[in-house]
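What's in structure_36.txt: compact mmCIF, N, CA and C atoms
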# COMPACT_ATOMS: atom_id res chain seq x y z
N LEU A 327 9.93 11.06 -7.15
CA LEU A 327 9.43 9.70 -6.96
C LEU A 327 10.22 8.72 -7.82
N ARG A 328 10.51 9.07 -9.05
CA ARG A 328 11.26 8.17 -9.92
C ARG A 328 12.64 7.89 -9.35
N ARG A 329 13.27 8.91 -8.78
CA ARG A 329 14.60 8.76 -8.21
C ARG A 329 14.61 7.68 -7.11
N ILE A 330 13.53 7.62 -6.34
CA ILE A 330 13.42 6.63 -5.28
C ILE A 330 13.01 5.27 -5.84
N ALA A 331 12.07 5.26 -6.77
CA ALA A 331 11.52 4.01 -7.27
C ALA A 331 12.52 3.21 -8.08
N VAL A 332 13.34 3.85 -8.89
CA VAL A 332 14.25 3.12 -9.77
C VAL A 332 15.25 2.26 -8.99
N PRO A 333 15.94 2.79 -7.95
CA PRO A 333 16.85 1.91 -7.21
C PRO A 333 16.14 0.74 -6.53
N ILE A 334 14.93 0.98 -6.03
CA ILE A 334 14.18 -0.10 -5.37
C ILE A 334 13.79 -1.15 -6.40
N MET A 335 13.20 -0.74 -7.52
CA MET A 335 12.73 -1.69 -8.51
C MET A 335 13.89 -2.31 -9.29
N GLY A 336 15.02 -1.61 -9.35
CA GLY A 336 16.19 -2.15 -10.04
C GLY A 336 16.76 -3.36 -9.34
N ARG A 337 16.41 -3.56 -8.09
CA ARG A 337 16.87 -4.71 -7.33
C ARG A 337 15.73 -5.71 -7.21
N SER A 338 15.19 -6.09 -8.32
CA SER A 338 14.03 -6.97 -8.37
C SER A 338 14.40 -8.28 -9.03
N THR A 339 13.81 -9.36 -8.53
CA THR A 339 14.00 -10.68 -9.11
C THR A 339 12.64 -11.30 -9.37
N ASP A 340 12.46 -11.88 -10.53
CA ASP A 340 11.24 -12.63 -10.84
C ASP A 340 11.56 -14.11 -10.88
N ILE A 341 10.78 -14.89 -10.17
CA ILE A 341 10.88 -16.34 -10.25
C ILE A 341 9.65 -16.79 -11.03
N VAL A 342 9.89 -17.38 -12.20
CA VAL A 342 8.80 -17.79 -13.09
C VAL A 342 8.80 -19.30 -13.17
N LYS A 343 7.66 -19.89 -12.85
CA LYS A 343 7.49 -21.34 -12.95
C LYS A 343 6.38 -21.60 -13.96
N GLN A 344 6.69 -22.42 -14.96
CA GLN A 344 5.75 -22.71 -16.03
C GLN A 344 5.49 -24.21 -16.08
N ALA A 345 4.23 -24.60 -16.10
CA ALA A 345 3.85 -26.00 -16.26
C ALA A 345 2.59 -26.04 -17.11
N GLY A 346 2.75 -26.34 -18.39
CA GLY A 346 1.60 -26.37 -19.30
C GLY A 346 0.95 -25.00 -19.39
N ASP A 347 -0.35 -24.92 -19.12
CA ASP A 347 -1.09 -23.66 -19.20
C ASP A 347 -0.95 -22.81 -17.94
N LEU A 348 -0.29 -23.32 -16.91
CA LEU A 348 -0.13 -22.60 -15.64
C LEU A 348 1.21 -21.89 -15.57
N GLN A 349 1.16 -20.62 -15.22
CA GLN A 349 2.39 -19.86 -14.97
C GLN A 349 2.24 -19.19 -13.61
N VAL A 350 3.24 -19.39 -12.74
CA VAL A 350 3.27 -18.75 -11.43
C VAL A 350 4.48 -17.84 -11.40
N VAL A 351 4.26 -16.56 -11.08
CA VAL A 351 5.32 -15.56 -11.06
C VAL A 351 5.42 -14.98 -9.66
N THR A 352 6.61 -15.02 -9.08
CA THR A 352 6.86 -14.37 -7.81
C THR A 352 7.91 -13.29 -8.02
N THR A 353 7.56 -12.06 -7.71
CA THR A 353 8.49 -10.96 -7.78
C THR A 353 9.00 -10.68 -6.38
N ILE A 354 10.33 -10.57 -6.26
CA ILE A 354 10.95 -10.30 -4.97
C ILE A 354 11.74 -9.01 -5.10
N ASN A 355 11.47 -8.07 -4.21
CA ASN A 355 12.26 -6.84 -4.15
C ASN A 355 12.36 -6.40 -2.70
N VAL A 356 12.93 -5.25 -2.45
CA VAL A 356 13.14 -4.81 -1.07
C VAL A 356 11.84 -4.56 -0.33
N LYS A 357 10.74 -4.39 -1.04
CA LYS A 357 9.44 -4.18 -0.40
C LYS A 357 8.78 -5.49 0.02
N GLY A 358 9.29 -6.63 -0.48
CA GLY A 358 8.70 -7.92 -0.14
C GLY A 358 8.56 -8.81 -1.36
N ALA A 359 7.62 -9.74 -1.28
CA ALA A 359 7.37 -10.68 -2.38
C ALA A 359 5.90 -10.60 -2.77
N TRP A 360 5.65 -10.78 -4.07
CA TRP A 360 4.30 -10.75 -4.61
C TRP A 360 4.19 -11.89 -5.60
N THR A 361 3.25 -12.81 -5.33
CA THR A 361 3.05 -13.98 -6.20
C THR A 361 1.71 -13.86 -6.90
N ARG A 362 1.72 -14.18 -8.18
CA ARG A 362 0.48 -14.25 -8.93
C ARG A 362 0.47 -15.48 -9.81
N LYS A 363 -0.75 -15.91 -10.16
CA LYS A 363 -0.93 -17.13 -10.93
C LYS A 363 -1.76 -16.82 -12.16
N TYR A 364 -1.31 -17.37 -13.29
CA TYR A 364 -2.03 -17.18 -14.55
C TYR A 364 -2.29 -18.56 -15.15
N ILE A 365 -3.51 -18.76 -15.66
CA ILE A 365 -3.86 -20.01 -16.32
C ILE A 365 -4.48 -19.64 -17.67
N VAL A 366 -3.85 -20.11 -18.76
CA VAL A 366 -4.33 -19.81 -20.10
C VAL A 366 -5.79 -20.23 -20.23
N GLY A 367 -6.62 -19.30 -20.71
CA GLY A 367 -8.03 -19.60 -20.96
C GLY A 367 -8.92 -19.53 -19.73
N GLN A 368 -8.39 -19.12 -18.58
CA GLN A 368 -9.20 -19.03 -17.36
C GLN A 368 -9.04 -17.67 -16.71
N GLU A 369 -10.08 -17.23 -16.00
CA GLU A 369 -10.00 -16.03 -15.18
C GLU A 369 -9.60 -16.44 -13.78
N VAL A 370 -8.63 -15.73 -13.21
CA VAL A 370 -8.15 -16.02 -11.87
C VAL A 370 -8.29 -14.77 -11.02
N LYS A 371 -9.02 -14.87 -9.90
CA LYS A 371 -9.16 -13.74 -8.99
C LYS A 371 -7.92 -13.68 -8.10
N GLN A 372 -7.30 -12.49 -8.04
CA GLN A 372 -6.12 -12.30 -7.22
C GLN A 372 -5.86 -10.82 -7.02
N LYS A 373 -4.93 -10.51 -6.14
CA LYS A 373 -4.59 -9.12 -5.86
C LYS A 373 -3.44 -8.67 -6.75
N ASN A 374 -3.46 -7.39 -7.13
CA ASN A 374 -2.34 -6.84 -7.88
C ASN A 374 -1.25 -6.37 -6.91
N ALA A 375 -0.20 -5.75 -7.42
CA ALA A 375 0.92 -5.33 -6.57
C ALA A 375 0.50 -4.31 -5.52
N GLU A 376 -0.54 -3.54 -5.80
CA GLU A 376 -1.02 -2.54 -4.84
C GLU A 376 -2.01 -3.12 -3.84
N GLY A 377 -2.38 -4.39 -4.00
CA GLY A 377 -3.32 -5.03 -3.08
C GLY A 377 -4.78 -4.94 -3.50
N ASP A 378 -5.04 -4.41 -4.70
CA ASP A 378 -6.42 -4.33 -5.20
C ASP A 378 -6.89 -5.69 -5.68
N ASP A 379 -8.18 -5.98 -5.48
CA ASP A 379 -8.76 -7.21 -6.01
C ASP A 379 -8.89 -7.07 -7.53
N THR A 380 -8.40 -8.06 -8.26
CA THR A 380 -8.45 -8.04 -9.73
C THR A 380 -8.85 -9.41 -10.26
N VAL A 381 -9.13 -9.42 -11.55
CA VAL A 381 -9.34 -10.67 -12.29
C VAL A 381 -8.27 -10.72 -13.36
N ALA A 382 -7.50 -11.81 -13.37
CA ALA A 382 -6.39 -11.95 -14.31
C ALA A 382 -6.73 -12.97 -15.39
N THR A 383 -6.34 -12.64 -16.61
CA THR A 383 -6.43 -13.56 -17.73
C THR A 383 -5.07 -13.59 -18.42
N CYS A 384 -4.81 -14.63 -19.19
CA CYS A 384 -3.54 -14.69 -19.93
C CYS A 384 -3.71 -15.49 -21.21
N TRP A 385 -2.76 -15.31 -22.12
CA TRP A 385 -2.78 -15.99 -23.40
C TRP A 385 -1.39 -15.93 -24.02
N TRP A 386 -1.16 -16.77 -25.01
CA TRP A 386 0.09 -16.74 -25.77
C TRP A 386 -0.16 -16.01 -27.07
N ASP A 387 0.78 -15.17 -27.49
CA ASP A 387 0.64 -14.40 -28.73
C ASP A 387 1.91 -14.58 -29.56
N ALA A 388 1.78 -15.23 -30.70
CA ALA A 388 2.94 -15.45 -31.59
C ALA A 388 2.98 -14.43 -32.72
N GLU A 389 2.07 -13.47 -32.72
CA GLU A 389 1.98 -12.51 -33.82
C GLU A 389 2.06 -11.06 -33.35
N GLU A 390 2.69 -10.81 -32.21
CA GLU A 390 2.82 -9.44 -31.71
C GLU A 390 3.79 -8.66 -32.58
N ALA A 391 3.31 -7.57 -33.17
CA ALA A 391 4.11 -6.77 -34.11
C ALA A 391 5.31 -6.10 -33.45
N GLU A 392 5.22 -5.80 -32.15
CA GLU A 392 6.34 -5.14 -31.45
C GLU A 392 7.55 -6.06 -31.29
N VAL A 393 7.31 -7.37 -31.24
CA VAL A 393 8.40 -8.33 -31.07
C VAL A 393 8.24 -9.45 -32.09
N PRO A 394 8.49 -9.16 -33.36
CA PRO A 394 8.26 -10.16 -34.41
C PRO A 394 9.11 -11.40 -34.21
N GLY A 395 8.48 -12.54 -34.46
CA GLY A 395 9.19 -13.81 -34.37
C GLY A 395 9.30 -14.37 -32.96
N LYS A 396 8.74 -13.70 -31.98
CA LYS A 396 8.81 -14.16 -30.59
C LYS A 396 7.44 -14.66 -30.13
N LEU A 397 7.47 -15.67 -29.27
CA LEU A 397 6.26 -16.14 -28.62
C LEU A 397 6.13 -15.37 -27.30
N VAL A 398 5.07 -14.58 -27.17
CA VAL A 398 4.91 -13.69 -26.03
C VAL A 398 3.80 -14.20 -25.12
N HIS A 399 4.11 -14.32 -23.83
CA HIS A 399 3.10 -14.66 -22.83
C HIS A 399 2.53 -13.34 -22.34
N LYS A 400 1.23 -13.13 -22.57
CA LYS A 400 0.58 -11.88 -22.16
C LYS A 400 -0.41 -12.16 -21.05
N SER A 401 -0.42 -11.27 -20.07
CA SER A 401 -1.40 -11.38 -19.00
C SER A 401 -2.01 -10.01 -18.77
N LYS A 402 -3.24 -10.02 -18.28
CA LYS A 402 -3.95 -8.77 -18.03
C LYS A 402 -4.71 -8.88 -16.72
N MET A 403 -4.59 -7.85 -15.89
CA MET A 403 -5.34 -7.76 -14.63
C MET A 403 -6.31 -6.59 -14.74
N VAL A 404 -7.58 -6.86 -14.45
CA VAL A 404 -8.62 -5.84 -14.52
C VAL A 404 -9.22 -5.68 -13.12
N GLY A 405 -9.47 -4.42 -12.74
CA GLY A 405 -10.11 -4.16 -11.45
C GLY A 405 -9.26 -3.31 -10.52
N GLY A 406 -8.03 -3.04 -10.90
CA GLY A 406 -7.15 -2.21 -10.07
C GLY A 406 -7.56 -0.75 -10.11
N LYS A 407 -7.23 -0.02 -9.05
CA LYS A 407 -7.61 1.40 -8.95
C LYS A 407 -6.97 2.25 -10.03
N ARG A 408 -5.76 1.90 -10.46
CA ARG A 408 -5.08 2.70 -11.49
C ARG A 408 -5.54 2.36 -12.90
N GLY A 409 -6.32 1.31 -13.04
CA GLY A 409 -6.78 0.87 -14.35
C GLY A 409 -6.22 -0.50 -14.67
N PRO A 410 -6.66 -1.09 -15.79
CA PRO A 410 -6.16 -2.41 -16.19
C PRO A 410 -4.65 -2.38 -16.42
N SER A 411 -4.00 -3.49 -16.11
CA SER A 411 -2.56 -3.59 -16.35
C SER A 411 -2.27 -4.86 -17.12
N GLU A 412 -1.21 -4.81 -17.91
CA GLU A 412 -0.78 -5.96 -18.70
C GLU A 412 0.70 -6.22 -18.45
N SER A 413 1.09 -7.47 -18.60
CA SER A 413 2.50 -7.86 -18.62
C SER A 413 2.72 -8.74 -19.83
N TRP A 414 3.75 -8.44 -20.58
CA TRP A 414 4.16 -9.29 -21.70
C TRP A 414 5.52 -9.84 -21.34
N ARG A 415 5.72 -11.16 -21.53
CA ARG A 415 7.00 -11.80 -21.23
C ARG A 415 7.48 -12.58 -22.45
N TRP A 416 8.76 -12.38 -22.79
CA TRP A 416 9.36 -13.14 -23.88
C TRP A 416 10.86 -13.20 -23.66
N TYR A 417 11.51 -14.13 -24.37
CA TYR A 417 12.97 -14.24 -24.31
C TYR A 417 13.55 -13.50 -25.50
N ASP A 418 14.66 -12.79 -25.26
CA ASP A 418 15.24 -11.95 -26.30
C ASP A 418 16.18 -12.69 -27.25
N GLY A 419 16.46 -13.95 -26.99
CA GLY A 419 17.36 -14.73 -27.84
C GLY A 419 18.80 -14.70 -27.36
N ALA A 420 19.10 -13.83 -26.40
CA ALA A 420 20.45 -13.74 -25.85
C ALA A 420 20.49 -14.20 -24.39
N GLY A 421 19.39 -14.83 -23.93
CA GLY A 421 19.36 -15.37 -22.58
C GLY A 421 18.61 -14.53 -21.57
N ALA A 422 18.10 -13.38 -21.97
CA ALA A 422 17.36 -12.53 -21.03
C ALA A 422 15.86 -12.65 -21.26
N MET A 423 15.10 -12.58 -20.16
CA MET A 423 13.65 -12.49 -20.27
C MET A 423 13.30 -11.01 -20.24
N VAL A 424 12.51 -10.58 -21.20
CA VAL A 424 12.08 -9.19 -21.28
C VAL A 424 10.63 -9.13 -20.81
N ILE A 425 10.33 -8.14 -19.98
CA ILE A 425 8.96 -7.95 -19.52
C ILE A 425 8.54 -6.52 -19.84
N LYS A 426 7.42 -6.40 -20.52
CA LYS A 426 6.83 -5.08 -20.74
C LYS A 426 5.64 -4.97 -19.80
N SER A 427 5.71 -4.02 -18.87
CA SER A 427 4.61 -3.76 -17.94
C SER A 427 3.86 -2.54 -18.44
N ILE A 428 2.55 -2.69 -18.60
CA ILE A 428 1.72 -1.63 -19.15
C ILE A 428 0.55 -1.36 -18.20
N VAL A 429 0.29 -0.08 -17.92
CA VAL A 429 -0.91 0.31 -17.18
C VAL A 429 -1.75 1.14 -18.12
N HIS A 430 -3.00 0.75 -18.28
CA HIS A 430 -3.96 1.50 -19.10
C HIS A 430 -4.67 2.47 -18.16
N CYS A 431 -4.21 3.70 -18.12
CA CYS A 431 -4.72 4.70 -17.18
C CYS A 431 -6.16 5.07 -17.50
N LYS A 432 -6.87 5.52 -16.49
CA LYS A 432 -8.28 5.86 -16.66
C LYS A 432 -8.49 7.04 -17.58
N ASN A 433 -7.44 7.86 -17.80
CA ASN A 433 -7.56 9.00 -18.71
C ASN A 433 -7.35 8.59 -20.17
N GLY A 434 -7.21 7.29 -20.42
CA GLY A 434 -7.05 6.78 -21.79
C GLY A 434 -5.61 6.64 -22.24
N LYS A 435 -4.67 7.14 -21.44
CA LYS A 435 -3.26 7.03 -21.80
C LYS A 435 -2.68 5.73 -21.27
N GLN A 436 -1.50 5.37 -21.78
CA GLN A 436 -0.78 4.19 -21.31
C GLN A 436 0.53 4.63 -20.67
N ALA A 437 0.90 3.93 -19.61
CA ALA A 437 2.22 4.08 -19.02
C ALA A 437 2.86 2.70 -19.10
N TRP A 438 4.11 2.63 -19.58
CA TRP A 438 4.74 1.31 -19.71
C TRP A 438 6.23 1.40 -19.40
N MET A 439 6.78 0.23 -19.07
CA MET A 439 8.20 0.11 -18.75
C MET A 439 8.69 -1.25 -19.21
N LEU A 440 9.94 -1.31 -19.68
CA LEU A 440 10.57 -2.58 -20.04
C LEU A 440 11.52 -3.00 -18.94
N TRP A 441 11.50 -4.28 -18.61
CA TRP A 441 12.39 -4.88 -17.62
C TRP A 441 13.20 -5.96 -18.32
N TYR A 442 14.46 -6.10 -17.97
CA TYR A 442 15.32 -7.14 -18.53
C TYR A 442 15.85 -7.97 -17.37
N PHE A 443 15.55 -9.27 -17.39
CA PHE A 443 15.97 -10.17 -16.33
C PHE A 443 16.92 -11.22 -16.90
N GLU A 444 18.07 -11.37 -16.27
CA GLU A 444 19.00 -12.43 -16.65
C GLU A 444 18.65 -13.69 -15.90
N SER A 445 18.91 -14.83 -16.50
CA SER A 445 18.65 -16.11 -15.86
C SER A 445 19.67 -16.36 -14.76
N ILE A 446 19.21 -16.90 -13.64
CA ILE A 446 20.10 -17.25 -12.53
C ILE A 446 19.80 -18.68 -12.09
N GLU A 447 20.68 -19.22 -11.28
CA GLU A 447 20.45 -20.56 -10.74
C GLU A 447 19.24 -20.53 -9.82
N PRO A 448 18.50 -21.61 -9.73
CA PRO A 448 17.34 -21.65 -8.82
C PRO A 448 17.78 -21.39 -7.38
N VAL A 449 16.92 -20.70 -6.64
CA VAL A 449 17.19 -20.42 -5.24
C VAL A 449 16.94 -21.69 -4.44
N ARG A 450 17.89 -22.08 -3.64
CA ARG A 450 17.75 -23.30 -2.83
C ARG A 450 16.93 -23.01 -1.58
N ASN A 451 16.10 -23.94 -1.17
CA ASN A 451 15.31 -23.84 0.06
C ASN A 451 14.51 -22.55 0.12
N GLU A 452 13.93 -22.14 -0.99
CA GLU A 452 13.25 -20.85 -1.03
C GLU A 452 12.07 -20.77 -0.06
N LYS A 453 11.44 -21.88 0.27
CA LYS A 453 10.29 -21.81 1.16
C LYS A 453 10.68 -21.48 2.59
N PHE A 454 11.95 -21.58 2.94
CA PHE A 454 12.39 -21.29 4.29
C PHE A 454 12.98 -19.89 4.43
N LEU A 455 13.00 -19.11 3.36
CA LEU A 455 13.59 -17.78 3.40
C LEU A 455 12.51 -16.71 3.29
N SER A 456 12.69 -15.62 4.03
CA SER A 456 11.80 -14.47 3.87
C SER A 456 12.14 -13.78 2.55
N ALA A 457 11.29 -12.86 2.12
CA ALA A 457 11.55 -12.14 0.88
C ALA A 457 12.87 -11.38 0.96
N LYS A 458 13.15 -10.76 2.10
CA LYS A 458 14.39 -10.01 2.27
C LYS A 458 15.60 -10.95 2.20
N GLN A 459 15.48 -12.13 2.83
CA GLN A 459 16.57 -13.11 2.79
C GLN A 459 16.78 -13.64 1.37
N LYS A 460 15.68 -13.86 0.63
CA LYS A 460 15.78 -14.33 -0.75
C LYS A 460 16.53 -13.31 -1.60
N LEU A 461 16.17 -12.03 -1.45
CA LEU A 461 16.81 -10.98 -2.23
C LEU A 461 18.30 -10.90 -1.91
N LYS A 462 18.65 -11.00 -0.64
CA LYS A 462 20.07 -10.98 -0.24
C LYS A 462 20.81 -12.15 -0.84
N GLN A 463 20.23 -13.37 -0.79
CA GLN A 463 20.87 -14.55 -1.33
C GLN A 463 21.08 -14.42 -2.84
N ILE A 464 20.06 -13.97 -3.53
CA ILE A 464 20.16 -13.81 -4.98
C ILE A 464 21.23 -12.78 -5.33
N THR A 465 21.26 -11.67 -4.58
CA THR A 465 22.26 -10.63 -4.83
C THR A 465 23.68 -11.18 -4.62
N ARG A 466 23.87 -11.96 -3.57
CA ARG A 466 25.20 -12.57 -3.30
C ARG A 466 25.60 -13.52 -4.42
N GLU A 467 24.64 -14.27 -4.96
CA GLU A 467 24.96 -15.29 -5.97
C GLU A 467 25.25 -14.69 -7.33
N GLN A 468 24.87 -13.44 -7.57
CA GLN A 468 25.08 -12.85 -8.89
C GLN A 468 26.47 -12.39 -9.08

Spit out the file's structure as structure tokens when you get a sec.
Amino acid sequence: LRRIAVPIMGRSTDIVKQAGDLQVVTTINVKGAWTRKYIVGQEVKQKNAEGDDTVATCWWDAEEAEVPGKLVHKSKMVGGKRGPSESWRWYDGAGAMVIKSIVHCKNGKQAWMLWYFESIEPVRNEKFLSAKQKLKQITREQ
């Protein structure tokens, strides 16, 4: 399964839009696009990547011991079949956005992965492109 998942997920793009307390994240990969919305201090009902109904919360953390000196945007989705999941987003200081994806499994263990995203130019006319077309355009522009 890992052999199949890594090439698919390795061709992933996140479009992050931030305006005050609102953050909208759209992930685009070969399987399609998935958009979620986070508002600091509010619970937002939405589906996770597997399509489960969840409640999402988010907050800023300037004191995370794993990434000292970084301001980390943390979000958590509760209600998914695999258990609660978290995403931490921060900039590494060299121009990349780092994302730590964590699943809190029902057996009490954690599964996590780090993602590194380089900044790219904004996608033009994104509302007129399908997820597959967006991924192709982004791949060509890199």

Which of A:Val370, A:Ala382, A:Leu440, A:Leu397 sits closest to Val424 (chain A) [using all atoms listed in the file]: A:Leu440

For Asn433 (chain A), the nearest of the candidates A:Gly419, A:Gly358, A:Gly395, A:Gly409, counting all atoms listed in the file: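 Closest candidate: A:Gly409.
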
Å distance separating atom N of Arg337 (chain A) from CA of Trp360 (chain A), one decimal place: 14.5 Å

Exercise: Tyr364 (chain A) partners within 8 Å, all atoms listed in the file, chain neighbours under 2 positions left out, as a ChimeraX atom specification: /A:347-351,361-362,366-370,382-385,401

Gap from atom N of Ile354 (chain A) to atom N of Lys435 (chain A) - Å, one decimal: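 Interatomic distance, atom N of Ile354 (chain A) to atom N of Lys435 (chain A): 27.7 Å.
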
Calculate, to one decimal in Å, the centre and edge lengths of the box along x, y and z of the file that holds all listed atoms of region 365-383 of chain A with 5 Å of margin on each side, and present them as AutoDock Vina command-line options.
--center_x -4.6 --center_y -11.4 --center_z -12.0 --size_x 21.0 --size_y 27.7 --size_z 27.9

Shell around Ser413 (chain A) at 9 Å using only C-alpha atoms, local window under 3 positions removed, as a PyMOL selection string: chain A and resi 399-403+425-429

For atom N of Glu390 (chain A) and atom C of Asp378 (chain A), the interatomic separation in Å (one decimal):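 Atom-to-atom, atom N of Glu390 (chain A) and atom C of Asp378 (chain A) are spaced 28.7 Å apart.
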
Members of region 352-400 of chain A assigned strand (DSSP E or B) by DSSP, as a PyMOL selection string: chain A and resi 352-355+358-365+370-373+379-387+398-400

So which residues of region 366-457 of chain A fall under helix (DSSP H, G or I) by DSSP, listed as a tab-separated table (two decimals) with N, CA and C atoms, in the coordinates of the input?
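The result, written out as out-v3.tsv:
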chain	number	residue	atom	x	y	z
A	452	GLU	N	13.93	-22.14	-0.99
A	452	GLU	CA	13.25	-20.85	-1.03
A	452	GLU	C	12.07	-20.77	-0.06
A	453	LYS	N	11.44	-21.88	0.27
A	453	LYS	CA	10.29	-21.81	1.16
A	453	LYS	C	10.68	-21.48	2.59
A	454	PHE	N	11.95	-21.58	2.94
A	454	PHE	CA	12.39	-21.29	4.29
A	454	PHE	C	12.98	-19.89	4.43
A	457	ALA	N	11.29	-12.86	2.12
A	457	ALA	CA	11.55	-12.14	0.88
A	457	ALA	C	12.87	-11.38	0.96

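Distance check against Val356 (chain A) using all atoms listed in the file: of A:Ser338, A:Tyr417, A:Ala391, A:Trp386, the minimum falls on A:Ser338.
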
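Restricting the calculation to only C-alpha atoms, the smallest distance between Glu444 (chain A) and any of A:Thr352, A:Ala388, A:Ala420, A:Val404 is found for A:Ala420.
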
Top pick for closest residue to Asp340 (chain A), considering A:Ala422, A:Glu392, A:Gln372, A:Thr380 and counting only C-alpha atoms: A:Ala422
